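Read through the structure below, which is laid out as structure tokens, and then see the notes.
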Protein chains: 2
Amino acid sequence: MSTASITEKKPDAAAFARGLEGVMAGQTSICSVEQGKLIYRGYEIHDLAANATFEEVAFLLLEGHKPSASELKRFKGEIVAERSLPREVIEFIKSCGPMIKSGAAVPMDITRTCMSILGNLDKDAQDNSAAANLRKAKRILAKTPTIIGHMQNVIDGRPLVAMETGGDPTLDHAANLLYLMTGTKPGAEEARVLDVSLILYAEHDYNASTFTCRVISGTLSDMHGAVTGGIAALKGPLHGGANEMAMEMLREIDQYTGGKADERKINEFMQNAFATKRKLMGFGHRVYKNGDHRAPILNKLGRKLAEKRGPEWSKWFDMGDIVEKIMLRDKNIHPNVDFPCGMTYFTMGIPVPQYTPIFVASRVTGWGAHVMEQHADNRLIRPLSQYVGPAETTW
Amino acid sequence: MSTASITEKKPDAAAFARGLEGVMAGQTSICSVEQGKLIYRGYEIHDLAANATFEEVAFLLLEGHKPSASELKRFKGEIVAERSLPREVIEFIKSCGPMIKSGAAVPMDITRTCMSILGNLDKDAQDNSAAANLRKAKRILAKTPTIIGHMQNVIDGRPLVAMETGGDPTLDHAANLLYLMTGTKPGAEEARVLDVSLILYAEHDYNASTFTCRVISGTLSDMHGAVTGGIAALKGPLHGGANEMAMEMLREIDQYTGGKADERKINEFMQNAFATKRKLMGFGHRVYKNGDHRAPILNKLGRKLAEKRGPEWSKWFDMGDIVEKIMLRDKNIHPNVDFPCGMTYFTMGIPVPQYTPIFVASRVTGWGAHVMEQHADNRLIRPLSQYVGPAETTW
């Protein structure tokens with residue numbers, strides 16, 4: 001793996017790394033993705049998943065330190081107060097049913113447009129100061145679950161849940177998201193599992209969507225524009241879209257095996273996939289070479305939830321275990337966090353096309369922190385490219 | 001600020017380039033930005049500006065070669081046929097007046113949302129095949145001037161020009177853009193000057209907005225999402241937004257000098273700017289160290305147009321010449337293409353906040369070509385970052 005040359009003149013062909021693999025693109029105080037650890041501003045992800053709430057992690061990422069009790073109370077109050085959506089965004093969401101039904105749009109695309117319209121209405125939109133950026137990041141955090149909830153209500157053909165308030169002020173971020181989607185307040189365990197998944201998804205240094213946010217904000221463009229671009233990037237199946245694709249693959253395996261966690265049939269399915277060079281989503285990671293340590297955290301919580309619901313739910317985790325085993329045995333590739341995420345959200349009854357929008361509802365915290373960090377010490381992100389096109393000629 | 005332990009190969013500070021300056025991020029057949037030349041698929045920019053039309057350049061970039069007469073005719077027909085906007089986008093544009101009047105949104109932000117909604121309605125939106133990408137790139141090219149025109153009509157409080165057709169089918173891209181904005185068909189010279197500016201703006205290898213498009217599409221996300229992110233990036237004053245900022249600065253100088261191209265007063269203004277470390281937009285370039293050779297092409301055409309309009313118009317170019325002279329003398333920095341662009345569009349009576357959206361109307365060709373190139377031989381773009389945050393601790 002080559003690190004790119006940093007010389008004044010154009011490096012030769014050998015000197016560039018496809019996809020910037022292994023290239024150090026800048027510094028950050030927000031996150032460290034290491035082979036053995038994932039650190040958010042000094043706190044390791046296992047510690048956070050066990051001992052923090054998503055709101056605490058959101059505060060940590062956006063405001064830069066662990067909140068005191070009074071800071072957390074203030075922060076939660078600010079978020080609750082900003083949950084409702086402007087009329088224009090609600091009107092757009094109300095119109096999205098045919099866009100989705102026709103196949104032109106998926107929920108990630110609707111989320112992207114809603115974020116862009118939010119920017120068009122935000123009175124701080126043109127202000128890149130640290131204070132305005134923080135206000136905008138909090139509003140984006142507060143409003144994203146409402147976008148998802150209202151959208152799902154439209155898809156389900158039901159009235160928008162809590163349209164005036166964007167939820168129930170007694171519910172935390174994760175629980176409120178489920179409430180907005182269904183109109184039913186979730187149980188404590190379900191809410192906590194979603195909460196932990198949001199903690200795991202919140203931040204991951206220079207991943208493709210966050211890097212998109214940094215490239216956009218590096219032109220001194222604004223927070224909402226950057227986050228809109230981040231959503232566009234997260235959609236891709238090589239990035240956030242993998243949690244949806246992983247579950248779709250398991251559903252296909254379920255069809256293939258006749259609904260059983262049958263190792264022989266699953267192996268047959270996978271050998272066919274390998275033979276046709278089909279890419280199995282939810283496996284492998286650009287940075288983690290020995291496995292994504294977020295995956296077992298979520299797998300354990302998701303399986304526990306599924307086992308409580310009964311064998312027709314825990315079978316998905318049994319199937320997942322077999323898939324993981326075969327992938328490791330034949331390809332030496334570990335699952336990433338998107339693999340157990342798919343099964344976990346499925347167990348919670350969340351519609352598959354909302355898995356990546358829910359990832360957005362968490363990752364907006366990391367994106368917001370990175371936009372602020374980029375603006376605080378900015379340098380335009382503008383690499384070079386190597387021309388391999390036709391030789392010069394005249395028109 | 002302490003640096004936490006990072007495993008294995010932690011590069012030292014010297015090993016990363018801020019803003020990826022000088023870093024080769026990949027290959028392209030589309031464009032070569034060199035110190036002495038700018039090449040679009042083998043054709044040098046002076047040659048194209050003198051001998052090609054924007055539609056020919058758009059074809060070259062999107063379809064990969066210089067069009068034959070029949071190919072050009074087919075291409076122009078396809079573009080004309082796709083100019084009108086879907087009802088949902090028109091409705092959104094009709095609602096944008098208060099967003100702009102309130103200061104929450106600028107035209108670039110409205111353009112971004114329109115592009116996102118177009119994606120939500122495009123029947124090919126989820127298809128990343130080469131054929132679908134080309135169809136989408138053409139639709140985006142065809143519809144962008146209509147977005148700008150209708151938006152300006154709303155800002156001006158007049159009915160939308162050619163709402164059913166998106167223009168006059170006898171007019172080419174540049175002329176139709178002016179017609180949509182004003183309801184008046186432009187003269188041939190005016191149309192040609194805009195046409196040349198679109199040729200100059202069409203493509204520039206891995207600039208920040210194009211690189212944004214490539215990072216987004218590198219996750220295997222879709223064309224409209226990538227272009228939406230590209231618009232967000234182009235808005236920044238360190239990128240496309242510079243053409244607006246350059247003109248705003250000249251208007252400020254005009255105020256300062258009492259409306260005269262007075263070298264002594266302009267020098268005074270600029271020395272004040274230097275003393276307060278104010279950044280003057282439209283000067284300098286990440287890649288071009290000895291000047292942007294697009295700038296003199298547009299300066300010459302814009303000045304000629306201004307001189308025909310009379311001394312109250314050519315005075316802007318006289319002022320511009322003095323500013324350029326002082327920048328070169330005191331800072332050794334050359335103007336980039338955004339500097340003459342501001343004066344040229346001003347001479348044509350185009351409202352300043354539409355300069356960057358017009359840049360979009362051209363650059364969508366480059367973006368479309370890069371998204372297609374990225375998808376054709378994809379590798380996720382995911383660099384690393386160096387952690388400089390707090391040392392590890394427990395929650």
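Following the order of the structure tokens, chains are lettered A, B, ..., residues in each are numbered from 1, and ligands are numbered from 1.
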
Show me a table, sorted first by chain and then by increasing residue number, of the residues of chain A having an atom at most 6 Å from chain B, each with its shortest atom pair and the distance in Å to one decimal, counting only C-alpha atoms and written as JSON lines.
{"residue": "A:Ile6", "atom": "CA", "partner": "B:Val23", "partner_atom": "CA", "distance": 5.7}
{"residue": "A:Glu8", "atom": "CA", "partner": "B:Gly22", "partner_atom": "CA", "distance": 5.9}
{"residue": "A:Phe16", "atom": "CA", "partner": "B:Met24", "partner_atom": "CA", "distance": 5.3}
{"residue": "A:Arg18", "atom": "CA", "partner": "B:Gly26", "partner_atom": "CA", "distance": 5.9}
{"residue": "A:Gly19", "atom": "CA", "partner": "B:Ile381", "partner_atom": "CA", "distance": 3.9}
{"residue": "A:Leu20", "atom": "CA", "partner": "B:Pro383", "partner_atom": "CA", "distance": 5.0}
{"residue": "A:Glu21", "atom": "CA", "partner": "B:Pro383", "partner_atom": "CA", "distance": 5.6}
{"residue": "A:Val23", "atom": "CA", "partner": "B:Pro383", "partner_atom": "CA", "distance": 5.3}
{"residue": "A:Met24", "atom": "CA", "partner": "B:Leu384", "partner_atom": "CA", "distance": 4.6}
{"residue": "A:Ala25", "atom": "CA", "partner": "B:Ser385", "partner_atom": "CA", "distance": 5.7}
{"residue": "A:Gly26", "atom": "CA", "partner": "B:Ser385", "partner_atom": "CA", "distance": 5.1}
{"residue": "A:Gln27", "atom": "CA", "partner": "B:Gln386", "partner_atom": "CA", "distance": 4.5}
{"residue": "A:Thr28", "atom": "CA", "partner": "B:Tyr387", "partner_atom": "CA", "distance": 5.2}
{"residue": "A:Ser29", "atom": "CA", "partner": "B:Gly389", "partner_atom": "CA", "distance": 3.6}
{"residue": "A:Ser32", "atom": "CA", "partner": "B:Tyr387", "partner_atom": "CA", "distance": 5.4}
{"residue": "A:Arg41", "atom": "CA", "partner": "B:Pro390", "partner_atom": "CA", "distance": 5.7}
{"residue": "A:Gly42", "atom": "CA", "partner": "B:Glu392", "partner_atom": "CA", "distance": 4.2}
{"residue": "A:Tyr43", "atom": "CA", "partner": "B:Thr393", "partner_atom": "CA", "distance": 5.8}
{"residue": "A:Met99", "atom": "CA", "partner": "B:Leu121", "partner_atom": "CA", "distance": 5.9}
{"residue": "A:Ala104", "atom": "CA", "partner": "B:Lys123", "partner_atom": "CA", "distance": 4.8}
{"residue": "A:Ala105", "atom": "CA", "partner": "B:Asn120", "partner_atom": "CA", "distance": 4.7}
{"residue": "A:Thr113", "atom": "CA", "partner": "B:Ser116", "partner_atom": "CA", "distance": 5.4}
{"residue": "A:Ser116", "atom": "CA", "partner": "B:Thr113", "partner_atom": "CA", "distance": 5.4}
{"residue": "A:Asn120", "atom": "CA", "partner": "B:Ala105", "partner_atom": "CA", "distance": 4.7}
{"residue": "A:Leu121", "atom": "CA", "partner": "B:Ala104", "partner_atom": "CA", "distance": 5.4}
{"residue": "A:Asp122", "atom": "CA", "partner": "B:Ala104", "partner_atom": "CA", "distance": 5.5}
{"residue": "A:Lys123", "atom": "CA", "partner": "B:Ala104", "partner_atom": "CA", "distance": 4.8}
{"residue": "A:Ala125", "atom": "CA", "partner": "B:Ala104", "partner_atom": "CA", "distance": 5.6}
{"residue": "A:Tyr206", "atom": "CA", "partner": "B:Leu384", "partner_atom": "CA", "distance": 5.9}
{"residue": "A:Asn207", "atom": "CA", "partner": "B:Arg382", "partner_atom": "CA", "distance": 5.5}
{"residue": "A:Ala208", "atom": "CA", "partner": "B:Arg382", "partner_atom": "CA", "distance": 5.2}
{"residue": "A:Thr212", "atom": "CA", "partner": "B:Thr212", "partner_atom": "CA", "distance": 5.8}
{"residue": "A:Ile216", "atom": "CA", "partner": "B:Ala233", "partner_atom": "CA", "distance": 4.2}
{"residue": "A:Thr219", "atom": "CA", "partner": "B:Gly236", "partner_atom": "CA", "distance": 4.5}
{"residue": "A:Leu220", "atom": "CA", "partner": "B:Gly236", "partner_atom": "CA", "distance": 4.7}
{"residue": "A:Ser221", "atom": "CA", "partner": "B:Gly236", "partner_atom": "CA", "distance": 4.0}
{"residue": "A:Gly225", "atom": "CA", "partner": "B:Ala232", "partner_atom": "CA", "distance": 4.8}
{"residue": "A:Gly229", "atom": "CA", "partner": "B:Gly229", "partner_atom": "CA", "distance": 4.2}
{"residue": "A:Ala232", "atom": "CA", "partner": "B:Gly225", "partner_atom": "CA", "distance": 4.8}
{"residue": "A:Ala233", "atom": "CA", "partner": "B:Ile216", "partner_atom": "CA", "distance": 4.2}
{"residue": "A:Lys235", "atom": "CA", "partner": "B:Ser221", "partner_atom": "CA", "distance": 5.8}
{"residue": "A:Gly236", "atom": "CA", "partner": "B:Ser221", "partner_atom": "CA", "distance": 4.0}
{"residue": "A:Leu238", "atom": "CA", "partner": "B:Thr219", "partner_atom": "CA", "distance": 4.8}
{"residue": "A:His239", "atom": "CA", "partner": "B:Thr219", "partner_atom": "CA", "distance": 5.7}
{"residue": "A:Arg379", "atom": "CA", "partner": "B:Gly19", "partner_atom": "CA", "distance": 5.3}
{"residue": "A:Leu380", "atom": "CA", "partner": "B:Gly19", "partner_atom": "CA", "distance": 5.3}
{"residue": "A:Ile381", "atom": "CA", "partner": "B:Gly19", "partner_atom": "CA", "distance": 3.9}
{"residue": "A:Arg382", "atom": "CA", "partner": "B:Ala208", "partner_atom": "CA", "distance": 5.2}
{"residue": "A:Pro383", "atom": "CA", "partner": "B:Leu20", "partner_atom": "CA", "distance": 5.0}
{"residue": "A:Leu384", "atom": "CA", "partner": "B:Met24", "partner_atom": "CA", "distance": 4.6}
{"residue": "A:Ser385", "atom": "CA", "partner": "B:Gly26", "partner_atom": "CA", "distance": 5.1}
{"residue": "A:Gln386", "atom": "CA", "partner": "B:Gln27", "partner_atom": "CA", "distance": 4.5}
{"residue": "A:Tyr387", "atom": "CA", "partner": "B:Thr28", "partner_atom": "CA", "distance": 5.2}
{"residue": "A:Val388", "atom": "CA", "partner": "B:Ser29", "partner_atom": "CA", "distance": 4.8}
{"residue": "A:Gly389", "atom": "CA", "partner": "B:Ser29", "partner_atom": "CA", "distance": 3.6}
{"residue": "A:Pro390", "atom": "CA", "partner": "B:Gly42", "partner_atom": "CA", "distance": 4.9}
{"residue": "A:Ala391", "atom": "CA", "partner": "B:Gly42", "partner_atom": "CA", "distance": 5.2}
{"residue": "A:Glu392", "atom": "CA", "partner": "B:Gly42", "partner_atom": "CA", "distance": 4.2}
{"residue": "A:Thr393", "atom": "CA", "partner": "B:Gly42", "partner_atom": "CA", "distance": 5.7}
{"residue": "A:Thr394", "atom": "CA", "partner": "B:Tyr43", "partner_atom": "CA", "distance": 6.0}

Problem - Residue set, segment 92-294 of chain A restricted to alpha helix (DSSP H), as a ChimeraX atom specification - result: /A:92-94,97-101,107-121,130-156,173-182,188-201,208-217,223-234,242-257,263-275,294

Practice task
Return the single residue from A:Ala49, A:Leu250, A:Leu200, A:Met270 that is closest to Lys331 of chain A, with distances computed using only C-alpha atoms.
Solution key: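 Among the listed residues, A:Met270 lies closest to Lys331 of chain A.
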
Problem - Atomic separation - atom CA of Phe346 of chain A relative to atom CA of Phe359 of chain A, Å - result: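 Pair atom CA of Phe359 of chain A / atom CA of Phe346 of chain A returns 14.1 Å.
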
Exercise for the section: Pair the Cα atoms of chain A and chain B in order, fit the first onto the second, and let me know the RMSD in Å. Expected result: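 The C-alpha RMSD comes to 2.8 Å.
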
Problem - Two-atom distance - atom CA of Trp316 of chain A, atom CA of Thr182 of chain A (Å) - result: 22.8 Å

Problem - Option closest in space to Glu244 of chain A, from A:Gly310, A:Asp377, A:Leu280, A:Pro86 [counting only C-alpha atoms] - result: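 Answer, going by the shortest atom-to-atom distance: A:Leu280.
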
Practice task
Using only C-alpha atoms, determine which residues lie at most 8 Å from Leu62 of chain B, disregarding the query and same-chain residues fewer than 6 positions distant; provide the list as a list in words.
Solution key: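 The filter keeps Leu134, Ala137, Thr365, Gly366, Gly368 and Ala369 of chain B.
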
Handout entry: Distance in Å - atom CA of Met249 of chain A versus atom CA of Met281 of chain A
Key =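 Pair atom CA of Met249 of chain A / atom CA of Met281 of chain A returns 7.7 Å.
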
Problem - Secondary structure check, strand (DSSP E) residues of segment 37-76 of chain B, as a ChimeraX atom specification - result: /B:38-40,43-44

Just-selected residues, N, CA, C and O atoms written as a PDB file, in the first residue's frame:
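Okay, again_38.pdb is ready:
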ATOM      1  N   LEU B  38      -4.560  23.685 -20.956  1.00  0.00           N
ATOM      2  CA  LEU B  38      -5.722  22.992 -20.399  1.00  0.00           C
ATOM      3  C   LEU B  38      -6.318  22.175 -21.543  1.00  0.00           C
ATOM      4  O   LEU B  38      -6.697  22.725 -22.580  1.00  0.00           O
ATOM      5  N   ILE B  39      -6.371  20.862 -21.338  1.00  0.00           N
ATOM      6  CA  ILE B  39      -6.769  19.933 -22.395  1.00  0.00           C
ATOM      7  C   ILE B  39      -8.072  19.238 -22.022  1.00  0.00           C
ATOM      8  O   ILE B  39      -8.166  18.677 -20.930  1.00  0.00           O
ATOM      9  N   TYR B  40      -9.072  19.286 -22.903  1.00  0.00           N
ATOM     10  CA  TYR B  40     -10.279  18.454 -22.737  1.00  0.00           C
ATOM     11  C   TYR B  40     -10.186  17.321 -23.754  1.00  0.00           C
ATOM     12  O   TYR B  40     -10.343  17.542 -24.947  1.00  0.00           O
ATOM     13  N   TYR B  43      -8.054  18.159 -26.721  1.00  0.00           N
ATOM     14  CA  TYR B  43      -8.198  19.469 -27.367  1.00  0.00           C
ATOM     15  C   TYR B  43      -7.848  20.589 -26.378  1.00  0.00           C
ATOM     16  O   TYR B  43      -8.377  20.627 -25.262  1.00  0.00           O
ATOM     17  N   GLU B  44      -6.999  21.502 -26.826  1.00  0.00           N
ATOM     18  CA  GLU B  44      -6.536  22.580 -25.944  1.00  0.00           C
ATOM     19  C   GLU B  44      -7.616  23.660 -25.857  1.00  0.00           C
ATOM     20  O   GLU B  44      -8.362  23.910 -26.799  1.00  0.00           O
TER      21      GLU B  44
END

Exercise for the section: Please identify all polymer residues within 10 Å of Glu248 of chain B, counting only C-alpha atoms, omitting same-chain residues fewer than 3 positions from it, and present them as a PyMOL selection string. Expected result: chain B and resi 242-245+251-254+281+342-343+352-353

Handout entry: Nearby residues (only C-alpha atoms) at most 12 Å from Glu268 of chain B, same-chain spacing under 4 positions excluded, as a PyMOL selection string
Key = chain B and resi 253+256-257+262-264+272-275+322-323+326

Kindly save the residues from that selection, with C-alpha atoms included, as an mmCIF file, in the first residue's frame.
data_model
loop_
_atom_site.group_PDB
_atom_site.id
_atom_site.type_symbol
_atom_site.label_atom_id
_atom_site.label_comp_id
_atom_site.auth_asym_id
_atom_site.auth_seq_id
_atom_site.Cartn_x
_atom_site.Cartn_y
_atom_site.Cartn_z
ATOM 1 C CA ILE B 253 -13.866 49.339 -5.137
ATOM 2 C CA TYR B 256 -14.503 53.501 -2.762
ATOM 3 C CA THR B 257 -13.178 55.301 -5.834
ATOM 4 C CA ASP B 262 -8.496 55.709 -10.381
ATOM 5 C CA GLU B 263 -5.206 53.912 -9.808
ATOM 6 C CA ARG B 264 -4.278 55.864 -6.682
ATOM 7 C CA ASN B 272 -5.989 48.365 3.133
ATOM 8 C CA ALA B 273 -7.120 44.901 2.072
ATOM 9 C CA PHE B 274 -3.576 43.556 2.284
ATOM 10 C CA ALA B 275 -3.040 45.178 5.688
ATOM 11 C CA ILE B 322 -5.440 48.038 -12.270
ATOM 12 C CA VAL B 323 -6.406 45.472 -9.627
ATOM 13 C CA ILE B 326 -1.325 45.671 -8.237
#

Problem - Using only C-alpha atoms: which of A:Ala361, A:Leu180, A:Val154, A:Ala202 has the shortest distance to Gly167 of chain A - result: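 Closest to Gly167 of chain A, using only C-alpha atoms: A:Leu180.
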